[in-house]
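Trainee: mmCIF, C-alpha atoms and all ligand atoms, saved as start-v2.cif, coming up:
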```cif
data_input
loop_
_atom_site.label_atom_id
_atom_site.label_comp_id
_atom_site.auth_asym_id
_atom_site.auth_seq_id
_atom_site.Cartn_x
_atom_site.Cartn_y
_atom_site.Cartn_z
CA PRO A 504 4.98 8.10 26.66
CA SER A 505 4.43 9.97 23.45
CA SER A 506 6.69 11.58 20.90
CA ARG A 507 6.53 14.11 18.12
CA VAL A 508 7.27 12.87 14.66
CA SER A 509 7.53 14.77 11.37
CA LEU A 510 7.12 12.88 8.16
CA THR A 511 5.97 13.50 4.61
CA VAL A 512 2.74 11.77 3.63
CA ASN A 513 1.73 11.87 -0.04
CA GLY A 514 3.90 14.93 -0.53
CA THR A 515 2.67 16.89 2.48
CA ARG A 516 4.79 17.42 5.57
CA ARG A 517 2.90 16.32 8.71
CA THR A 518 3.94 16.71 12.34
CA VAL A 519 2.02 14.73 14.92
CA THR A 520 2.37 13.73 18.54
CA VAL A 521 1.60 10.06 19.04
CA ASP A 522 1.89 7.40 21.69
CA ASN A 523 5.20 5.62 21.14
CA ARG A 524 3.38 2.34 20.45
CA THR A 525 1.32 3.79 17.60
CA SER A 526 1.72 1.97 14.31
CA LEU A 527 2.10 3.82 11.05
CA LEU A 528 -1.27 2.33 10.05
CA ASP A 529 -3.01 3.88 13.07
CA LEU A 530 -1.19 7.15 12.51
CA LEU A 531 -2.51 7.25 8.95
CA ARG A 532 -6.04 6.13 9.71
CA GLU A 533 -6.72 7.69 13.09
CA HIS A 534 -4.52 10.78 13.22
CA LEU A 535 -4.43 11.83 9.56
CA GLY A 536 -7.83 10.54 8.40
CA LEU A 537 -6.28 8.51 5.58
CA THR A 538 -8.42 5.40 5.73
CA GLY A 539 -7.43 3.96 2.35
CA SER A 540 -4.86 1.67 3.96
CA LYS A 541 -6.84 -1.16 5.53
CA LYS A 542 -6.43 -3.05 8.78
CA GLY A 543 -6.85 -6.74 8.10
CA CYS A 544 -4.81 -8.85 10.50
CA ASN A 545 -2.86 -6.04 12.24
CA ALA A 546 -0.04 -8.58 12.51
CA GLY A 547 1.93 -8.51 9.27
CA ALA A 548 0.19 -11.44 7.61
CA CYS A 549 -2.26 -10.01 5.06
CA GLY A 550 -0.78 -6.96 3.33
CA ALA A 551 -3.99 -4.90 3.45
CA CYS A 552 -2.04 -2.12 5.18
CA THR A 553 0.79 -1.94 2.62
CA VAL A 554 2.27 1.53 2.02
CA LEU A 555 5.55 2.76 0.55
CA VAL A 556 8.14 4.18 2.95
CA ASP A 557 10.99 5.87 1.11
CA GLY A 558 9.92 3.91 -1.95
CA HIS A 559 9.89 0.50 -0.26
CA ARG A 560 6.81 -1.61 0.48
CA VAL A 561 6.10 -2.06 4.18
CA ASN A 562 3.31 -3.45 6.30
CA SER A 563 2.28 -0.27 8.08
CA CYS A 564 0.64 -2.25 10.90
CA LEU A 565 4.10 -3.50 11.93
CA THR A 566 5.92 -0.19 11.54
CA LEU A 567 6.22 2.11 14.54
CA ALA A 568 5.26 5.66 13.61
CA VAL A 569 7.89 7.26 15.87
CA ARG A 570 10.64 5.54 13.90
CA LEU A 571 9.67 7.44 10.75
CA GLU A 572 11.14 10.86 11.47
CA GLY A 573 11.88 12.44 8.08
CA ALA A 574 10.45 9.53 6.07
CA GLU A 575 8.48 9.83 2.84
CA VAL A 576 5.29 7.80 2.98
CA THR A 577 3.02 7.09 0.02
CA THR A 578 -0.41 5.60 0.58
CA VAL A 579 -3.05 4.57 -1.92
CA GLU A 580 -4.50 8.09 -1.62
CA GLY A 581 -1.25 9.49 -3.01
CA LEU A 582 -1.12 7.48 -6.22
CA ALA A 583 -3.59 9.31 -8.42
CA ASP A 584 -2.69 12.57 -10.11
CA GLY A 585 -5.73 14.67 -9.28
CA ASP A 586 -8.66 12.98 -11.02
CA ARG A 587 -6.30 10.89 -13.14
CA LEU A 588 -5.92 7.42 -11.71
CA HIS A 589 -2.52 5.79 -11.44
CA PRO A 590 -2.16 3.34 -14.35
CA LEU A 591 -2.32 0.40 -11.94
CA GLN A 592 -5.54 1.71 -10.39
CA GLN A 593 -7.00 1.95 -13.88
CA ALA A 594 -5.76 -1.56 -14.68
CA PHE A 595 -7.51 -2.95 -11.58
CA ILE A 596 -10.75 -1.51 -12.93
CA ASP A 597 -10.10 -2.66 -16.50
CA GLU A 598 -9.19 -6.18 -15.38
CA ASP A 599 -11.96 -6.36 -12.78
CA ALA A 600 -9.29 -7.30 -10.24
CA PHE A 601 -11.36 -7.01 -7.05
CA GLN A 602 -14.58 -8.15 -5.46
CA CYS A 603 -15.13 -6.83 -1.92
CA GLY A 604 -12.22 -4.41 -2.33
CA TYR A 605 -10.86 -4.76 1.19
CA CYS A 606 -7.44 -5.99 0.08
CA THR A 607 -7.34 -3.70 -2.95
CA PRO A 608 -5.51 -0.62 -1.60
CA GLY A 609 -2.76 -2.87 -0.28
CA GLN A 610 -2.66 -4.86 -3.52
CA ILE A 611 -2.35 -1.70 -5.58
CA VAL A 612 0.38 -0.12 -3.44
CA SER A 613 2.21 -3.43 -3.36
CA GLY A 614 1.81 -3.75 -7.12
CA VAL A 615 3.33 -0.30 -7.61
CA GLY A 616 6.28 -1.42 -5.48
CA CYS A 617 6.55 -4.69 -7.39
CA ILE A 618 6.68 -2.83 -10.71
CA GLN A 619 9.25 -0.32 -9.40
CA GLU A 620 11.40 -3.21 -8.17
CA GLY A 621 11.20 -4.85 -11.58
CA HIS A 622 9.79 -8.13 -10.30
CA THR A 623 7.37 -8.47 -13.17
CA GLY A 624 9.15 -10.75 -15.61
CA SER A 625 6.42 -13.39 -15.60
CA PRO A 626 3.07 -14.10 -13.93
CA GLU A 627 4.91 -16.51 -11.60
CA GLU A 628 7.40 -13.82 -10.59
CA ILE A 629 4.60 -11.34 -9.94
CA ARG A 630 2.77 -13.94 -7.82
CA GLU A 631 5.92 -14.60 -5.82
CA TRP A 632 6.64 -10.92 -5.15
CA MET A 633 2.98 -10.14 -4.40
CA SER A 634 2.62 -13.15 -2.11
CA GLY A 635 2.48 -10.98 1.02
CA ASN A 636 -0.88 -9.63 -0.13
CA ILE A 637 -3.75 -11.95 0.63
CA CYS A 638 -7.10 -11.71 -1.17
CA ARG A 639 -9.90 -13.59 0.53
CA CYS A 640 -12.03 -13.19 -2.57
CA GLY A 641 -9.41 -15.03 -4.62
CA CYS A 642 -8.88 -12.40 -7.31
CA TYR A 643 -5.26 -13.39 -7.81
CA VAL A 644 -5.41 -14.19 -11.53
CA LYS A 645 -6.82 -10.77 -12.33
CA ILE A 646 -4.55 -8.95 -9.89
CA VAL A 647 -1.51 -10.51 -11.55
CA ARG A 648 -2.91 -9.55 -14.95
CA ALA A 649 -3.38 -5.92 -13.85
CA VAL A 650 0.19 -5.71 -12.56
CA GLU A 651 1.54 -7.41 -15.68
CA GLN A 652 -0.41 -5.11 -17.98
CA THR A 653 0.78 -1.97 -16.16
CA ALA A 654 4.39 -3.12 -16.07
CA GLY A 655 4.22 -3.86 -19.80
CA ARG A 656 3.10 -0.33 -20.57
CA LYS A 657 6.11 1.31 -18.94
FE1 LIG B 701 -0.95 -5.20 8.22
FE2 LIG B 701 -2.46 -7.36 7.81
S1 LIG B 701 -3.06 -5.38 8.54
S2 LIG B 701 -0.36 -7.07 7.31
FE1 LIG B 702 -12.01 -9.12 -1.37
FE2 LIG B 702 -9.45 -9.11 -2.14
S1 LIG B 702 -11.18 -8.31 -3.21
S2 LIG B 702 -10.26 -9.61 -0.21
#
```
Output the file's structure in the form of structure tokens.
Ligand code: FES
Ligand code: FES
Mentor:
Amino acid sequence: PSSRVSLTVNGTRRTVTVDNRTSLLDLLREHLGLTGSKKGCNAGACGACTVLVDGHRVNSCLTLAVRLEGAEVTTVEGLADGDRLHPLQQAFIDEDAFQCGYCTPGQIVSGVGCIQEGHTGSPEEIREWMSGNICRCGCYVKIVRAVEQTAGRK
């Protein structure tokens, strides 16, 4: 069975009809063409699919799209202001906080959540609250630095 769901994605209201088993990640990538959020494990273990739902970080691969009636979703595509990068996106570039880049959209969205939650008191605290985001390239030191630097600027 399928259902109609209306939600706001990066500030735009979208109404789609999806199979009831569709994840938010597949809704974003396959129905809305927003391929910034990545599919790593598709099982809640890697964080590559992290998006904000009503301001909270979620693994979109584990979230059923039909449950999101009326929700506000922010993906990595929604962070920049036109051509102006979000400060954390800029910090990832400045700190050279990625290699292959596959985990990066999830790291950045998760980092934005981490900063909004105020879990940035120390590198250890940032590591703890970013621990759901795995980087196979091992860029953790620089990722933490980028989050720390952005949090410090606010
Ligand atoms: Fe969602 Fe890995 S793809 S947590
Ligand atoms: Fe390659 Fe993180 S930059 S997985």
Trainee: Show me which residues are within 9 Å of ligand LIG 702 (chain B) counting all atoms listed in the file, and format the list as a PyMOL selection string.
Mentor: chain A and resi 551+600-607+610+636-643
Trainee: Just want the residues within 10 Å of ligand LIG 701 (chain B), written as a ChimeraX atom specification, counting all atoms listed in the file.
Mentor: /A:526-528,540-554,561-566,606,609,635-637
Trainee: Rank nothing, just name the residue among A:Pro626, A:Arg532, A:Glu620, A:Leu571 nearest to Arg507 of chain A, using only C-alpha atoms.
Mentor: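 The shortest atom-to-atom distance to Arg507 of chain A comes from A:Leu571.
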Trainee: What is the atom CA of Leu537 of chain A-atom CA of Lys645 of chain A distance in Å, reported with one decimal?
Mentor: 26.3 Å
Trainee: Just the residues within 12 Å of Leu582 of chain A, please, counting all atoms listed in the file, with nothing from its chain fewer than 2 positions along; format it as a PyMOL selection string.
Mentor: chain A and resi 512-514+539+554-555+576-580+584-593+608+611-616
Trainee: Smallest atom-to-atom distance to Pro504 of chain A: which of A:Asp597, A:Asp557, A:Asp522, A:Asp529, using all atoms listed in the file?
Mentor: A:Asp522
Trainee: Distance atom CA of Thr623 of chain A-atom CA of Leu531 of chain A, one decimal place?
Mentor: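 Separation between atom CA of Thr623 of chain A and atom CA of Leu531 of chain A: 28.9 Å.
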Trainee: List as a VMD selection string the protein and nucleic acid residues near Gly624 of chain A, meaning an atom at most 12 Å away when all atoms listed in the file are counted, but skip any in the same chain fewer than 2 places from it.
Mentor: chain A and resid 617 to 618 620 to 622 626 to 632 647 650 to 652 654 to 655
Trainee: Take atom CA of His559 of chain A and atom CA of Ala583 of chain A and report the distance between them in Å, one decimal.
Mentor: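 The value is 18.1 Å.
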Trainee: Complete segment 622-637 of chain A with N, CA and C atoms (output as a PDB file, keeping the file's coordinate frame).
Mentor:
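out.pdb written:
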```
ATOM      1  N   HIS A 622      10.093  -6.711 -10.490  1.00  0.00           N
ATOM      2  CA  HIS A 622       9.790  -8.130 -10.300  1.00  0.00           C
ATOM      3  C   HIS A 622       8.555  -8.545 -11.082  1.00  0.00           C
ATOM      4  N   THR A 623       8.575  -8.240 -12.379  1.00  0.00           N
ATOM      5  CA  THR A 623       7.370  -8.470 -13.170  1.00  0.00           C
ATOM      6  C   THR A 623       7.676  -9.238 -14.445  1.00  0.00           C
ATOM      7  N   GLY A 624       8.715 -10.046 -14.411  1.00  0.00           N
ATOM      8  CA  GLY A 624       9.150 -10.750 -15.610  1.00  0.00           C
ATOM      9  C   GLY A 624       8.176 -11.804 -16.122  1.00  0.00           C
ATOM     10  N   SER A 625       7.382 -12.360 -15.219  1.00  0.00           N
ATOM     11  CA  SER A 625       6.420 -13.390 -15.600  1.00  0.00           C
ATOM     12  C   SER A 625       5.296 -13.392 -14.569  1.00  0.00           C
ATOM     13  N   PRO A 626       4.149 -14.003 -14.916  1.00  0.00           N
ATOM     14  CA  PRO A 626       3.070 -14.100 -13.930  1.00  0.00           C
ATOM     15  C   PRO A 626       3.541 -14.789 -12.644  1.00  0.00           C
ATOM     16  N   GLU A 627       4.411 -15.789 -12.778  1.00  0.00           N
ATOM     17  CA  GLU A 627       4.910 -16.510 -11.600  1.00  0.00           C
ATOM     18  C   GLU A 627       5.737 -15.577 -10.711  1.00  0.00           C
ATOM     19  N   GLU A 628       6.566 -14.752 -11.366  1.00  0.00           N
ATOM     20  CA  GLU A 628       7.400 -13.820 -10.590  1.00  0.00           C
ATOM     21  C   GLU A 628       6.520 -12.791  -9.871  1.00  0.00           C
ATOM     22  N   ILE A 629       5.506 -12.305 -10.564  1.00  0.00           N
ATOM     23  CA  ILE A 629       4.600 -11.340  -9.940  1.00  0.00           C
ATOM     24  C   ILE A 629       3.896 -11.996  -8.746  1.00  0.00           C
ATOM     25  N   ARG A 630       3.434 -13.209  -8.921  1.00  0.00           N
ATOM     26  CA  ARG A 630       2.770 -13.940  -7.820  1.00  0.00           C
ATOM     27  C   ARG A 630       3.689 -14.069  -6.620  1.00  0.00           C
ATOM     28  N   GLU A 631       4.937 -14.421  -6.896  1.00  0.00           N
ATOM     29  CA  GLU A 631       5.920 -14.600  -5.820  1.00  0.00           C
ATOM     30  C   GLU A 631       6.116 -13.287  -5.051  1.00  0.00           C
ATOM     31  N   TRP A 632       6.315 -12.190  -5.793  1.00  0.00           N
ATOM     32  CA  TRP A 632       6.640 -10.920  -5.150  1.00  0.00           C
ATOM     33  C   TRP A 632       5.403 -10.184  -4.635  1.00  0.00           C
ATOM     34  N   MET A 633       4.229 -10.683  -4.948  1.00  0.00           N
ATOM     35  CA  MET A 633       2.980 -10.140  -4.400  1.00  0.00           C
ATOM     36  C   MET A 633       2.406 -11.100  -3.351  1.00  0.00           C
ATOM     37  N   SER A 634       3.177 -12.082  -2.947  1.00  0.00           N
ATOM     38  CA  SER A 634       2.620 -13.150  -2.110  1.00  0.00           C
ATOM     39  C   SER A 634       2.314 -12.687  -0.680  1.00  0.00           C
ATOM     40  N   GLY A 635       2.809 -11.508  -0.302  1.00  0.00           N
ATOM     41  CA  GLY A 635       2.480 -10.980   1.020  1.00  0.00           C
ATOM     42  C   GLY A 635       1.102 -10.335   1.072  1.00  0.00           C
ATOM     43  N   ASN A 636       0.440 -10.263  -0.075  1.00  0.00           N
ATOM     44  CA  ASN A 636      -0.880  -9.630  -0.130  1.00  0.00           C
ATOM     45  C   ASN A 636      -1.952 -10.688  -0.364  1.00  0.00           C
ATOM     46  N   ILE A 637      -2.727 -10.909   0.672  1.00  0.00           N
ATOM     47  CA  ILE A 637      -3.750 -11.950   0.630  1.00  0.00           C
ATOM     48  C   ILE A 637      -5.071 -11.361   0.119  1.00  0.00           C
TER      49      ILE A 637
END
```
